[in-house]
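protein.txt follows; it contains compact mmCIF, C-alpha atoms and all ligand atoms.
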```txt
# COMPACT_ATOMS: atom_id res chain seq x y z
CA MET A 1 -14.63 -20.17 11.72
CA ARG A 2 -11.79 -19.05 13.95
CA PHE A 3 -13.65 -16.24 15.68
CA ARG A 4 -17.13 -16.04 17.07
CA ARG A 5 -19.28 -13.49 18.79
CA PRO A 6 -19.13 -13.77 22.58
CA PRO A 7 -22.14 -15.53 24.13
CA ALA A 8 -25.20 -13.24 24.34
CA GLY A 9 -25.33 -11.05 27.41
CA THR A 10 -21.64 -11.41 28.21
CA GLN A 11 -18.90 -8.91 27.52
CA GLN A 12 -15.89 -11.18 27.65
CA ARG A 13 -12.96 -8.88 26.97
CA SER A 14 -10.45 -9.83 24.32
CA GLN A 15 -7.97 -8.26 21.94
CA TYR A 16 -10.25 -9.10 18.99
CA LEU A 17 -13.18 -6.96 17.88
CA PHE A 18 -16.12 -7.97 15.76
CA VAL A 19 -17.15 -4.92 13.72
CA ALA A 20 -20.38 -4.75 11.72
CA ASN A 21 -21.36 -2.21 9.04
CA CYS A 22 -17.77 -2.08 7.86
CA GLY A 23 -15.99 -3.88 5.00
CA PRO A 24 -15.43 -4.05 1.24
CA SER A 25 -19.14 -4.34 0.35
CA VAL A 26 -19.80 -0.94 1.94
CA GLY A 27 -16.71 0.65 0.40
CA ASP A 28 -13.98 0.13 3.04
CA SER A 29 -10.73 -1.51 2.03
CA TYR A 30 -8.89 -3.55 4.66
CA ALA A 31 -6.14 -0.93 4.58
CA ASP A 32 -8.72 1.81 5.38
CA ILE A 33 -10.11 -0.24 8.28
CA GLN A 34 -6.63 -0.93 9.60
CA ALA A 35 -5.80 2.78 9.40
CA ALA A 36 -9.03 3.80 11.20
CA PHE A 37 -8.54 1.32 14.05
CA SER A 38 -4.78 1.97 14.35
CA LYS A 39 -5.68 5.26 16.04
CA PHE A 40 -6.30 3.28 19.23
CA GLY A 41 -3.35 0.88 19.24
CA VAL A 42 -1.34 -1.58 17.18
CA VAL A 43 -3.64 -3.49 14.81
CA THR A 44 -2.06 -6.81 13.97
CA GLY A 45 -4.64 -7.78 11.37
CA VAL A 46 -8.05 -7.22 9.82
CA HIS A 47 -10.03 -9.95 8.13
CA ALA A 48 -13.49 -10.92 7.02
CA ALA A 49 -15.74 -12.13 9.84
CA ASP A 50 -17.97 -13.90 7.30
CA ASP A 51 -18.82 -13.79 3.62
CA SER A 52 -21.05 -10.71 3.81
CA GLY A 53 -18.28 -8.18 3.07
CA THR A 54 -19.84 -5.98 5.78
CA ARG A 55 -18.42 -7.56 8.94
CA VAL A 56 -14.79 -7.78 9.92
CA ILE A 57 -12.59 -8.93 12.77
CA VAL A 58 -10.00 -6.38 13.91
CA CYS A 59 -7.11 -7.90 15.89
CA TYR A 60 -5.13 -5.73 18.30
CA ASP A 61 -1.91 -6.63 20.04
CA SER A 62 -3.53 -6.04 23.45
CA GLU A 63 -6.89 -6.16 25.21
CA SER A 64 -6.46 -2.62 26.43
CA ALA A 65 -6.18 -1.22 22.87
CA ALA A 66 -9.31 -3.18 21.86
CA ALA A 67 -11.15 -1.79 24.90
CA VAL A 68 -10.33 1.80 23.93
CA ALA A 69 -11.38 1.25 20.32
CA LEU A 70 -14.66 -0.35 21.41
CA GLU A 71 -15.39 2.53 23.77
CA GLU A 72 -14.58 5.16 21.14
CA LEU A 73 -16.19 3.60 18.09
CA ASN A 74 -19.17 1.48 19.10
CA GLY A 75 -22.41 3.10 17.95
CA ARG A 76 -20.59 6.18 16.69
CA SER A 77 -20.12 7.28 13.13
CA CYS A 78 -16.57 6.86 11.97
CA ALA A 79 -15.44 9.75 9.74
CA ASN A 80 -12.63 7.68 8.22
CA LEU A 81 -14.99 4.85 7.26
CA GLY A 82 -17.58 6.70 5.22
CA GLY A 83 -19.24 8.28 8.29
CA ARG A 84 -21.16 5.05 8.96
CA SER A 85 -22.18 4.08 12.47
CA LEU A 86 -20.24 0.99 13.53
CA ASP A 87 -21.45 -1.87 15.69
CA VAL A 88 -18.42 -3.03 17.65
CA ARG A 89 -18.26 -5.98 20.09
CA TYR A 90 -15.62 -8.23 21.50
CA SER A 91 -14.96 -11.35 19.50
CA VAL A 92 -13.60 -14.55 20.97
CA ARG A 93 -11.48 -17.13 19.28
CA GLY A 94 -13.04 -20.44 18.44
CA GLU A 95 -11.36 -23.74 19.20
CA GLU A 96 -10.14 -24.28 15.68
CA GLY A 97 -6.82 -22.81 14.57
CA SER A 98 -3.84 -21.90 16.68
CA ARG A 99 -3.36 -18.22 15.81
CA CYS A 100 -5.29 -15.24 14.63
CA GLN A 101 -5.77 -15.75 10.93
CA ALA A 102 -5.38 -12.06 10.38
CA ASP A 103 -2.27 -11.54 12.44
CA GLY A 104 -0.12 -9.38 10.24
CA ASN A 105 -0.38 -10.58 6.69
CA ALA A 106 -1.10 -14.23 7.41
CA SER A 107 -4.15 -14.04 5.15
CA LEU A 108 -2.07 -12.60 2.28
CA ARG A 109 1.20 -14.32 1.54
CA VAL A 110 3.94 -11.75 1.11
CA SER A 111 6.22 -12.53 -1.83
CA MET A 112 9.93 -11.86 -1.70
CA ASP A 113 10.25 -11.84 -5.45
CA ALA A 114 8.34 -9.70 -7.98
CA SER A 115 8.05 -12.55 -10.48
CA GLU A 116 5.94 -14.53 -7.98
CA LEU A 117 3.25 -11.87 -8.08
CA ASN A 118 2.54 -12.28 -11.78
CA ILE A 119 1.82 -8.61 -12.30
CA PRO A 120 3.13 -7.69 -15.75
CA GLY A 121 5.67 -4.86 -15.62
CA LEU A 122 6.62 -5.24 -11.95
CA TYR A 123 10.31 -5.79 -11.20
CA LEU A 124 12.36 -5.70 -8.00
CA LEU A 125 16.14 -5.64 -7.73
CA ARG A 126 17.66 -6.19 -4.29
CA ASP A 127 20.87 -4.48 -3.21
CA PHE A 128 20.55 -1.91 -5.95
CA VAL A 129 22.73 0.39 -3.85
CA THR A 130 25.41 -0.48 -1.31
CA CYS A 131 25.19 0.33 2.41
CA ALA A 132 27.70 3.15 1.90
CA GLU A 133 25.64 4.64 -0.96
CA GLU A 134 22.50 4.32 1.16
CA GLU A 135 24.15 6.34 3.92
CA GLU A 136 25.30 9.00 1.46
CA LEU A 137 21.83 9.34 -0.08
CA LEU A 138 20.22 9.64 3.36
CA ALA A 139 22.79 12.19 4.47
CA ALA A 140 22.19 14.22 1.28
CA VAL A 141 18.44 14.48 1.80
CA ASP A 142 18.78 15.03 5.55
CA ALA A 143 20.95 18.05 4.78
CA ARG A 144 18.11 19.57 2.75
CA PRO A 145 14.77 20.95 3.94
CA TRP A 146 11.83 18.59 4.34
CA ASN A 147 8.18 19.55 3.77
CA SER A 148 5.86 18.09 6.38
CA LEU A 149 2.61 16.45 5.28
CA SER A 150 0.16 15.25 7.94
CA LYS A 151 1.92 11.93 8.55
CA ARG A 152 5.16 11.98 6.58
CA ARG A 153 7.81 14.33 5.20
CA VAL A 154 8.65 14.86 1.54
CA GLN A 155 11.10 16.59 -0.78
CA HIS A 156 10.55 17.24 -4.48
CA TYR A 157 13.18 17.72 -7.15
CA GLY A 158 12.78 18.52 -10.86
CA TYR A 159 9.09 19.34 -10.52
CA GLU A 160 6.89 19.74 -7.48
CA PHE A 161 4.25 17.04 -7.05
CA ARG A 162 0.98 18.64 -5.93
CA TYR A 163 -1.00 16.44 -3.53
CA ASP A 164 -4.21 18.43 -4.03
CA THR A 165 -4.36 17.70 -7.76
CA ARG A 166 -2.15 14.58 -7.69
CA ASN A 167 -0.33 16.14 -10.62
CA VAL A 168 2.60 18.37 -11.56
CA ASP A 169 2.69 21.61 -13.49
CA PRO A 170 5.00 20.81 -16.45
CA ARG A 171 5.57 24.55 -17.05
CA ARG A 172 7.17 24.98 -13.63
CA ARG A 173 10.44 23.15 -13.67
CA LEU A 174 12.44 23.49 -10.48
CA GLY A 175 15.70 22.41 -12.14
CA GLU A 176 17.83 19.35 -12.86
CA LEU A 177 17.71 16.33 -10.57
CA PRO A 178 20.40 16.70 -7.90
CA GLU A 179 23.94 15.52 -8.45
CA PHE A 180 23.70 13.02 -5.56
CA VAL A 181 21.35 10.77 -7.62
CA SER A 182 23.24 10.88 -10.94
CA HIS A 183 24.92 7.47 -10.40
CA ILE A 184 21.50 5.97 -9.59
CA LEU A 185 20.03 7.34 -12.81
CA GLN A 186 22.90 5.82 -14.81
CA ARG A 187 22.41 2.44 -13.15
CA LEU A 188 18.67 2.43 -13.90
CA ARG A 189 19.43 1.92 -17.56
CA LEU A 190 20.58 -1.61 -16.73
CA PHE A 191 17.24 -2.47 -15.18
CA PRO A 192 15.32 -5.41 -16.68
CA GLY A 193 12.19 -4.39 -18.53
CA THR A 194 13.52 -1.01 -19.67
CA ASP A 195 14.41 -1.68 -23.32
CA ASN A 196 13.10 1.73 -24.22
CA ALA A 197 15.98 3.81 -22.88
CA ALA A 198 14.46 7.03 -24.27
CA ALA A 199 11.65 6.66 -21.77
CA LEU A 200 14.23 6.79 -18.99
CA GLU A 201 14.86 10.53 -19.20
CA LEU A 202 13.64 10.74 -15.63
CA ASP A 203 13.17 14.31 -14.47
CA GLN A 204 11.09 14.21 -11.28
CA LEU A 205 12.11 12.87 -7.89
CA THR A 206 9.94 12.63 -4.80
CA VAL A 207 11.65 11.66 -1.56
CA ASN A 208 9.25 10.30 1.06
CA GLU A 209 10.13 9.75 4.69
CA TYR A 210 7.67 7.45 6.48
CA PRO A 211 7.89 7.23 10.29
CA ARG A 212 7.38 3.77 11.79
CA GLY A 213 3.81 2.53 11.25
CA VAL A 214 2.92 5.10 8.59
CA GLY A 215 1.94 3.83 5.17
CA LEU A 216 0.53 5.18 1.94
CA SER A 217 -3.07 5.07 0.68
CA PRO A 218 -4.00 3.03 -2.39
CA HIS A 219 -3.49 4.91 -5.64
CA ILE A 220 -2.38 4.69 -9.24
CA ASP A 221 0.07 7.47 -10.06
CA THR A 222 -1.88 9.88 -12.26
CA HIS A 223 -1.45 8.77 -15.88
CA SER A 224 -1.45 12.29 -17.28
CA ALA A 225 1.24 13.39 -14.80
CA PHE A 226 3.93 10.79 -15.47
CA GLU A 227 5.05 8.48 -18.23
CA GLY A 228 5.36 4.73 -18.12
CA PHE A 229 8.31 3.95 -15.83
CA ILE A 230 8.17 4.61 -12.10
CA PHE A 231 11.13 3.55 -9.98
CA SER A 232 11.15 3.47 -6.22
CA LEU A 233 14.28 2.99 -4.15
CA SER A 234 13.75 1.88 -0.53
CA LEU A 235 16.25 3.10 2.06
CA ALA A 236 16.72 2.89 5.83
CA GLY A 237 13.91 0.44 6.57
CA PRO A 238 11.76 -2.24 4.95
CA CYS A 239 8.06 -2.26 4.21
CA ILE A 240 5.38 -4.29 2.53
CA MET A 241 3.88 -2.89 -0.63
CA GLU A 242 0.48 -4.22 -1.60
CA PHE A 243 -1.15 -4.14 -5.02
CA ARG A 244 -4.85 -4.41 -5.72
CA LYS A 245 -7.08 -4.56 -8.75
CA TYR A 246 -10.74 -5.26 -9.41
CA MET A 247 -11.22 -8.34 -11.60
CA SER A 248 -14.18 -10.25 -12.85
CA ARG A 249 -14.32 -13.75 -11.42
CA ALA A 250 -13.88 -15.16 -14.91
CA CYS A 251 -10.43 -13.51 -15.16
CA LEU A 252 -9.07 -14.88 -11.89
CA PRO A 253 -5.90 -16.89 -12.42
CA ARG A 254 -5.81 -20.53 -11.35
CA ASN A 255 -2.87 -20.23 -8.98
CA ILE A 256 -4.18 -18.08 -6.18
CA SER A 257 -1.80 -19.10 -3.41
CA ASN A 258 -0.11 -15.70 -3.12
CA MET A 259 -3.12 -13.46 -3.43
CA ALA A 260 -6.11 -12.56 -1.30
CA ILE A 261 -9.49 -12.19 -2.89
CA ASN A 262 -11.87 -9.90 -1.07
CA GLU A 263 -15.26 -11.10 -2.11
CA GLY A 264 -17.77 -8.33 -2.43
CA LYS A 265 -21.41 -9.20 -2.81
CA GLU A 266 -22.69 -12.73 -3.22
CA ASP A 267 -23.56 -11.96 -6.84
CA THR A 268 -21.16 -14.00 -8.92
CA ARG A 269 -21.12 -11.33 -11.65
CA SER A 270 -19.79 -8.63 -9.33
CA PRO A 271 -16.04 -8.01 -9.52
CA VAL A 272 -13.71 -9.11 -6.74
CA VAL A 273 -10.68 -7.27 -5.40
CA VAL A 274 -7.44 -9.17 -5.89
CA ARG A 275 -4.61 -8.22 -3.51
CA LYS A 276 -0.97 -9.16 -3.69
CA ALA A 277 1.94 -8.14 -1.48
CA ILE A 278 5.69 -7.86 -1.87
CA TYR A 279 8.41 -7.26 0.70
CA LEU A 280 10.64 -4.28 -0.12
CA PRO A 281 13.94 -4.57 1.73
CA PRO A 282 16.13 -1.50 2.22
CA ARG A 283 18.43 -0.77 -0.73
CA SER A 284 16.07 -2.46 -3.21
CA MET A 285 14.74 -0.79 -6.34
CA LEU A 286 11.19 -1.43 -7.56
CA LEU A 287 10.03 -0.74 -11.10
CA LEU A 288 6.38 -0.20 -11.95
CA SER A 289 5.79 -0.30 -15.69
CA GLY A 290 3.03 -1.38 -18.09
CA GLU A 291 0.08 -3.00 -16.33
CA ALA A 292 1.72 -2.69 -12.88
CA ARG A 293 2.06 1.07 -13.38
CA TYR A 294 -1.18 1.82 -15.21
CA ALA A 295 -3.77 -0.62 -13.89
CA TRP A 296 -2.87 -1.79 -10.36
CA GLN A 297 -3.24 0.37 -7.28
CA HIS A 298 -0.25 0.27 -4.96
CA TYR A 299 -0.13 1.15 -1.28
CA ILE A 300 1.77 0.58 1.93
CA PRO A 301 -0.31 -0.75 4.83
CA HIS A 302 -0.09 1.25 8.03
CA HIS A 303 1.66 -1.44 10.08
CA LYS A 304 4.36 -1.27 12.73
CA ILE A 305 5.05 -4.96 12.28
CA ASP A 306 4.85 -6.87 9.01
CA PHE A 307 4.56 -10.64 8.86
CA VAL A 308 6.67 -12.11 6.11
CA MET A 309 6.84 -15.90 5.79
CA ASP A 310 5.33 -16.10 9.32
CA GLU A 311 8.22 -14.06 10.69
CA ALA A 312 7.42 -10.75 12.40
CA ILE A 313 9.51 -7.97 10.87
CA LYS A 314 9.48 -4.73 12.82
CA ARG A 315 9.41 -1.62 10.66
CA ASN A 316 12.37 0.62 11.21
CA SER A 317 12.07 4.00 12.89
CA ARG A 318 11.81 5.33 9.36
CA ARG A 319 11.74 4.30 5.72
CA VAL A 320 12.92 6.76 3.09
CA SER A 321 11.99 6.18 -0.53
CA PHE A 322 13.27 7.90 -3.65
CA THR A 323 10.61 7.76 -6.40
CA PHE A 324 11.91 8.65 -9.87
CA ARG A 325 9.44 9.51 -12.62
CA LYS A 326 9.28 11.31 -15.97
CA VAL A 327 6.81 14.15 -16.28
CA ARG A 328 4.45 13.60 -19.20
CA ILE A 329 3.96 16.30 -21.78
CA GLY A 330 0.60 15.77 -23.49
CA ASN A 331 -2.00 13.07 -22.99
CA CYS A 332 -1.58 9.49 -21.93
CA ASN A 333 -2.81 6.99 -24.51
CA CYS A 334 -2.28 3.77 -22.58
CA ILE A 335 -4.32 0.65 -23.14
CA PHE A 336 -6.03 0.94 -19.75
CA PRO A 337 -8.62 3.68 -20.45
CA GLN A 338 -10.70 2.76 -17.40
CA HIS A 339 -7.80 3.91 -15.20
CA CYS A 340 -6.65 6.80 -17.39
CA ASP A 341 -7.52 10.39 -16.53
CA SER A 342 -6.35 11.56 -20.02
CA GLN A 343 -8.74 9.26 -21.80
CA ILE A 344 -11.66 9.97 -19.49
CA LEU A 345 -11.07 13.70 -20.07
CA THR A 346 -10.69 13.25 -23.81
CA ARG A 347 -13.92 11.27 -23.98
CA GLY A 348 -15.63 14.01 -21.93
CA ASN A 349 -14.43 16.68 -24.37
CA ASP A 350 -15.61 14.67 -27.37
CA ASP A 351 -19.09 14.64 -25.93
CA THR A 352 -19.35 18.41 -25.67
O1 LIG A 401 7.33 5.03 -1.06
C1 LIG A 401 7.24 4.39 -2.10
O2 LIG A 401 7.98 3.44 -2.37
C2 LIG A 401 6.14 4.69 -3.09
C3 LIG A 401 5.77 6.12 -3.22
C4 LIG A 401 4.64 6.30 -4.18
O3 LIG A 401 3.95 5.39 -4.54
C5 LIG A 401 4.35 7.62 -4.73
O4 LIG A 401 4.98 8.61 -4.31
O5 LIG A 401 3.47 7.71 -5.60
FE FE A 402 2.78 5.81 -6.27
```
Turn the structure described in the file into structure tokens.
Ligand SMILES: O=C(O)CCC(=O)C(=O)O
Ligand SMILES: [Fe+2]
Amino acid sequence: MRFRRPPAGTQQRSQYLFVANCGPSVGDSYADIQAAFSKFGVVTGVHAADDSGTRVIVCYDSESAAAVALEELNGRSCANLGGRSLDVRYSVRGEEGSRCQADGNASLRVSMDASELNIPGLYLLRDFVTCAEEEELLAAVDARPWNSLSKRRVQHYGYEFRYDTRNVDPRRRLGELPEFVSHILQRLRLFPGTDNAAALELDQLTVNEYPRGVGLSPHIDTHSAFEGFIFSLSLAGPCIMEFRKYMSRACLPRNISNMAINEGKEDTRSPVVVRKAIYLPPRSMLLLSGEARYAWQHYIPHHKIDFVMDEAIKRNSRRVSFTFRKVRIGNCNCIFPQHCDSQILTRGNDDT
């Protein structure tokens, strides 16, 4: 064990906090915990304190940030973590190990290449656009009005994406996609994994601008809203994108070097959460299709610094992504009914 509770009766300050009543077994993902604690300073990592799934170590980049978080959260209910009352204490590092295991993504190896992740339907092409094209695309969106959400700004083209319903209204078309992306749309046809060119009639574009340190919560893009290909172009700055899926232990692959498994309860029949991470450099294009699109949640951790191959990579002052999708007309009939709102709804209607 690399961390331990401080000796009883002492309050030895440190930049590491031991937090009880918090973790995957009580419904908190590590990304949620990171987001909740980031309110008080830069969180450099979150990891399991033990095998219970209900106790974690939160690592800050400074003692002062940890002190503020302890003061604000200990014994109080945390609205962003299910309203549960947290038990927060300082943690001290044990002798073993030379660095915080949870610093950045040390506990989850970040892949540079989509094929390493072994998620069917996930592809990444680097340098999909040139630096000059990147500048032109950024200038084009910066010349147009942004809509402010609580932490980031967005623009929608083709159809508006509604965050309250996580869906679009297919009857309300805003118009064609703008001229400044037409060369990108042409180039997408050359993408590996897109044999079905008809499915590439992309007609919805969401532009997201993330300030430094802001990420995106775990989600699967609503099946009934969009068809099977989702492309995301990263501009201006890099980020880590993580993927997670619940799996039964029996389905776990043998090679687990580039994934983190968040064990839930001790019960060996309970599913585990498998997490994988990929580095998205600026100017790269990511494709989510098939299983990657329909069955894996994707999200961007709320980090200011990402650790990739043990190297600290500072997020840029902003990352701008262009997400291209095709609005679905009718129901989704994918082979992942447990993740499919169309099939859950259809089943519900059959019952009535
Ligand atoms: O910013 C990105 O690359 C992903 C955006 C995304 O997942 C979404 O808008 O659904
Ligand atoms: Fe998404």
Do you have, as a Markdown table, the list of residues of chain A lying at most 7 Å from ligand FE 402 (chain A), each with its nearest atom pair and that distance in Å to one decimal, counting only C-alpha atoms and all ligand atoms and ordered by chain then number?
```
| residue | atom | partner | partner_atom | distance |
| --- | --- | --- | --- | --- |
| A:His219 | CA | A:FE402 | FE | 6.4 |
| A:Ile220 | CA | A:FE402 | FE | 6.1 |
| A:Asp221 | CA | A:FE402 | FE | 4.9 |
| A:His298 | CA | A:FE402 | FE | 6.4 |
```
Atomic distance atom CA of A:Ala312 - atom CA of A:Val273, expressed in Å with one decimal: 25.6 Å
Nearby residues (only C-alpha atoms) at most 6 Å from A:Leu17, same-chain spacing under 3 positions excluded, as number ranges by chain: A: 57-58, 89-91
Within 9 Å of ligand LIG 401 (chain A) (all atoms listed in the file), residues as a PyMOL selection string: chain A and resi 161+206-210+215-222+230-234+239+241+280+285-286+298-300+319-324
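Residues surrounding stretch 126-142 of chain A within 8 Å are A:Phe180, A:Val181, A:Leu235, A:Ala236, A:Pro281, A:Pro282, A:Arg283, A:Ser284, A:Met285, A:Val320 [all atoms listed in the file; sequence separation below 5 positions excluded].
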Which residue of A:Ile278, A:Leu81, A:Leu86, A:Ala67 approaches A:Tyr30 most closely, using only C-alpha atoms: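 Closest to A:Tyr30, using only C-alpha atoms: A:Leu81.
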Nearest to A:Ala48, chosen from A:Leu70, A:Asn331, A:Ala35, A:Ser25, with only C-alpha atoms counted in the distances: A:Ser25
Some atoms are missing, so please complete stretch 203-212 of chain A with all heavy atoms and return it as a PDB file, in the frame of the given file.
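Writing done, so here's rebuild_39.pdb:
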```pdb
ATOM      1  N   ASP A 203      12.931  12.913 -14.810  1.00  0.00           N
ATOM      2  CA  ASP A 203      13.170  14.310 -14.470  1.00  0.00           C
ATOM      3  C   ASP A 203      12.419  14.755 -13.217  1.00  0.00           C
ATOM      4  O   ASP A 203      12.372  15.944 -12.917  1.00  0.00           O
ATOM      5  CB  ASP A 203      12.817  15.218 -15.659  1.00  0.00           C
ATOM      6  CG  ASP A 203      11.396  14.991 -16.155  1.00  0.00           C
ATOM      7  OD1 ASP A 203      10.631  14.276 -15.471  1.00  0.00           O
ATOM      8  OD2 ASP A 203      11.046  15.524 -17.222  1.00  0.00           O
ATOM      9  N   GLN A 204      11.789  13.827 -12.520  1.00  0.00           N
ATOM     10  CA  GLN A 204      11.090  14.210 -11.280  1.00  0.00           C
ATOM     11  C   GLN A 204      11.444  13.207 -10.198  1.00  0.00           C
ATOM     12  O   GLN A 204      11.451  11.991 -10.443  1.00  0.00           O
ATOM     13  CB  GLN A 204       9.573  14.221 -11.520  1.00  0.00           C
ATOM     14  CG  GLN A 204       8.778  15.023 -10.493  1.00  0.00           C
ATOM     15  CD  GLN A 204       8.417  14.231  -9.228  1.00  0.00           C
ATOM     16  OE1 GLN A 204       8.373  13.002  -9.236  1.00  0.00           O
ATOM     17  NE2 GLN A 204       8.172  14.931  -8.127  1.00  0.00           N
ATOM     18  N   LEU A 205      11.769  13.731  -9.025  1.00  0.00           N
ATOM     19  CA  LEU A 205      12.110  12.870  -7.890  1.00  0.00           C
ATOM     20  C   LEU A 205      11.312  13.318  -6.678  1.00  0.00           C
ATOM     21  O   LEU A 205      11.327  14.506  -6.326  1.00  0.00           O
ATOM     22  CB  LEU A 205      13.620  12.983  -7.592  1.00  0.00           C
ATOM     23  CG  LEU A 205      14.101  12.443  -6.238  1.00  0.00           C
ATOM     24  CD1 LEU A 205      13.851  10.943  -6.114  1.00  0.00           C
ATOM     25  CD2 LEU A 205      15.602  12.724  -6.059  1.00  0.00           C
ATOM     26  N   THR A 206      10.600  12.358  -6.074  1.00  0.00           N
ATOM     27  CA  THR A 206       9.940  12.630  -4.800  1.00  0.00           C
ATOM     28  C   THR A 206      10.623  11.770  -3.744  1.00  0.00           C
ATOM     29  O   THR A 206      10.757  10.554  -3.929  1.00  0.00           O
ATOM     30  CB  THR A 206       8.437  12.272  -4.849  1.00  0.00           C
ATOM     31  OG1 THR A 206       7.811  13.121  -5.805  1.00  0.00           O
ATOM     32  CG2 THR A 206       7.760  12.488  -3.501  1.00  0.00           C
ATOM     33  N   VAL A 207      11.073  12.401  -2.679  1.00  0.00           N
ATOM     34  CA  VAL A 207      11.650  11.660  -1.560  1.00  0.00           C
ATOM     35  C   VAL A 207      10.594  11.650  -0.460  1.00  0.00           C
ATOM     36  O   VAL A 207      10.071  12.700  -0.086  1.00  0.00           O
ATOM     37  CB  VAL A 207      12.949  12.322  -1.054  1.00  0.00           C
ATOM     38  CG1 VAL A 207      13.571  11.496   0.062  1.00  0.00           C
ATOM     39  CG2 VAL A 207      13.943  12.510  -2.198  1.00  0.00           C
ATOM     40  N   ASN A 208      10.237  10.458  -0.009  1.00  0.00           N
ATOM     41  CA  ASN A 208       9.250  10.300   1.060  1.00  0.00           C
ATOM     42  C   ASN A 208       9.928   9.760   2.289  1.00  0.00           C
ATOM     43  O   ASN A 208      10.679   8.785   2.197  1.00  0.00           O
ATOM     44  CB  ASN A 208       8.202   9.252   0.650  1.00  0.00           C
ATOM     45  CG  ASN A 208       7.097   9.820  -0.203  1.00  0.00           C
ATOM     46  OD1 ASN A 208       6.300  10.620   0.257  1.00  0.00           O
ATOM     47  ND2 ASN A 208       7.060   9.391  -1.462  1.00  0.00           N
ATOM     48  N   GLU A 209       9.639  10.333   3.436  1.00  0.00           N
ATOM     49  CA  GLU A 209      10.130   9.750   4.690  1.00  0.00           C
ATOM     50  C   GLU A 209       8.914   9.319   5.522  1.00  0.00           C
ATOM     51  O   GLU A 209       8.088  10.146   5.916  1.00  0.00           O
ATOM     52  CB  GLU A 209      10.933  10.776   5.496  1.00  0.00           C
ATOM     53  CG  GLU A 209      11.507  10.166   6.757  1.00  0.00           C
ATOM     54  CD  GLU A 209      11.825  11.207   7.811  1.00  0.00           C
ATOM     55  OE1 GLU A 209      10.982  12.072   8.111  1.00  0.00           O
ATOM     56  OE2 GLU A 209      12.952  11.166   8.325  1.00  0.00           O
ATOM     57  N   TYR A 210       8.795   7.993   5.717  1.00  0.00           N
ATOM     58  CA  TYR A 210       7.670   7.450   6.480  1.00  0.00           C
ATOM     59  C   TYR A 210       8.142   7.106   7.887  1.00  0.00           C
ATOM     60  O   TYR A 210       9.043   6.274   8.032  1.00  0.00           O
ATOM     61  CB  TYR A 210       7.173   6.139   5.864  1.00  0.00           C
ATOM     62  CG  TYR A 210       6.766   6.217   4.409  1.00  0.00           C
ATOM     63  CD1 TYR A 210       7.707   6.057   3.397  1.00  0.00           C
ATOM     64  CD2 TYR A 210       5.448   6.414   4.049  1.00  0.00           C
ATOM     65  CE1 TYR A 210       7.339   6.105   2.061  1.00  0.00           C
ATOM     66  CE2 TYR A 210       5.072   6.452   2.713  1.00  0.00           C
ATOM     67  CZ  TYR A 210       6.027   6.304   1.728  1.00  0.00           C
ATOM     68  OH  TYR A 210       5.669   6.351   0.407  1.00  0.00           O
ATOM     69  N   PRO A 211       7.557   7.701   8.938  1.00  0.00           N
ATOM     70  CA  PRO A 211       7.890   7.230  10.290  1.00  0.00           C
ATOM     71  C   PRO A 211       7.341   5.816  10.480  1.00  0.00           C
ATOM     72  O   PRO A 211       6.487   5.361   9.709  1.00  0.00           O
ATOM     73  CB  PRO A 211       7.145   8.208  11.200  1.00  0.00           C
ATOM     74  CG  PRO A 211       6.659   9.305  10.342  1.00  0.00           C
ATOM     75  CD  PRO A 211       6.595   8.790   8.933  1.00  0.00           C
ATOM     76  N   ARG A 212       7.812   5.149  11.525  1.00  0.00           N
ATOM     77  CA  ARG A 212       7.380   3.770  11.790  1.00  0.00           C
ATOM     78  C   ARG A 212       5.848   3.696  11.880  1.00  0.00           C
ATOM     79  O   ARG A 212       5.225   4.515  12.542  1.00  0.00           O
ATOM     80  CB  ARG A 212       8.015   3.312  13.097  1.00  0.00           C
ATOM     81  CG  ARG A 212       7.681   1.913  13.434  1.00  0.00           C
ATOM     82  CD  ARG A 212       8.665   1.283  14.379  1.00  0.00           C
ATOM     83  NE  ARG A 212       8.247  -0.081  14.570  1.00  0.00           N
ATOM     84  CZ  ARG A 212       7.724  -0.545  15.702  1.00  0.00           C
ATOM     85  NH1 ARG A 212       7.656   0.208  16.766  1.00  0.00           N
ATOM     86  NH2 ARG A 212       7.304  -1.788  15.751  1.00  0.00           N
TER      87      ARG A 212
END
```
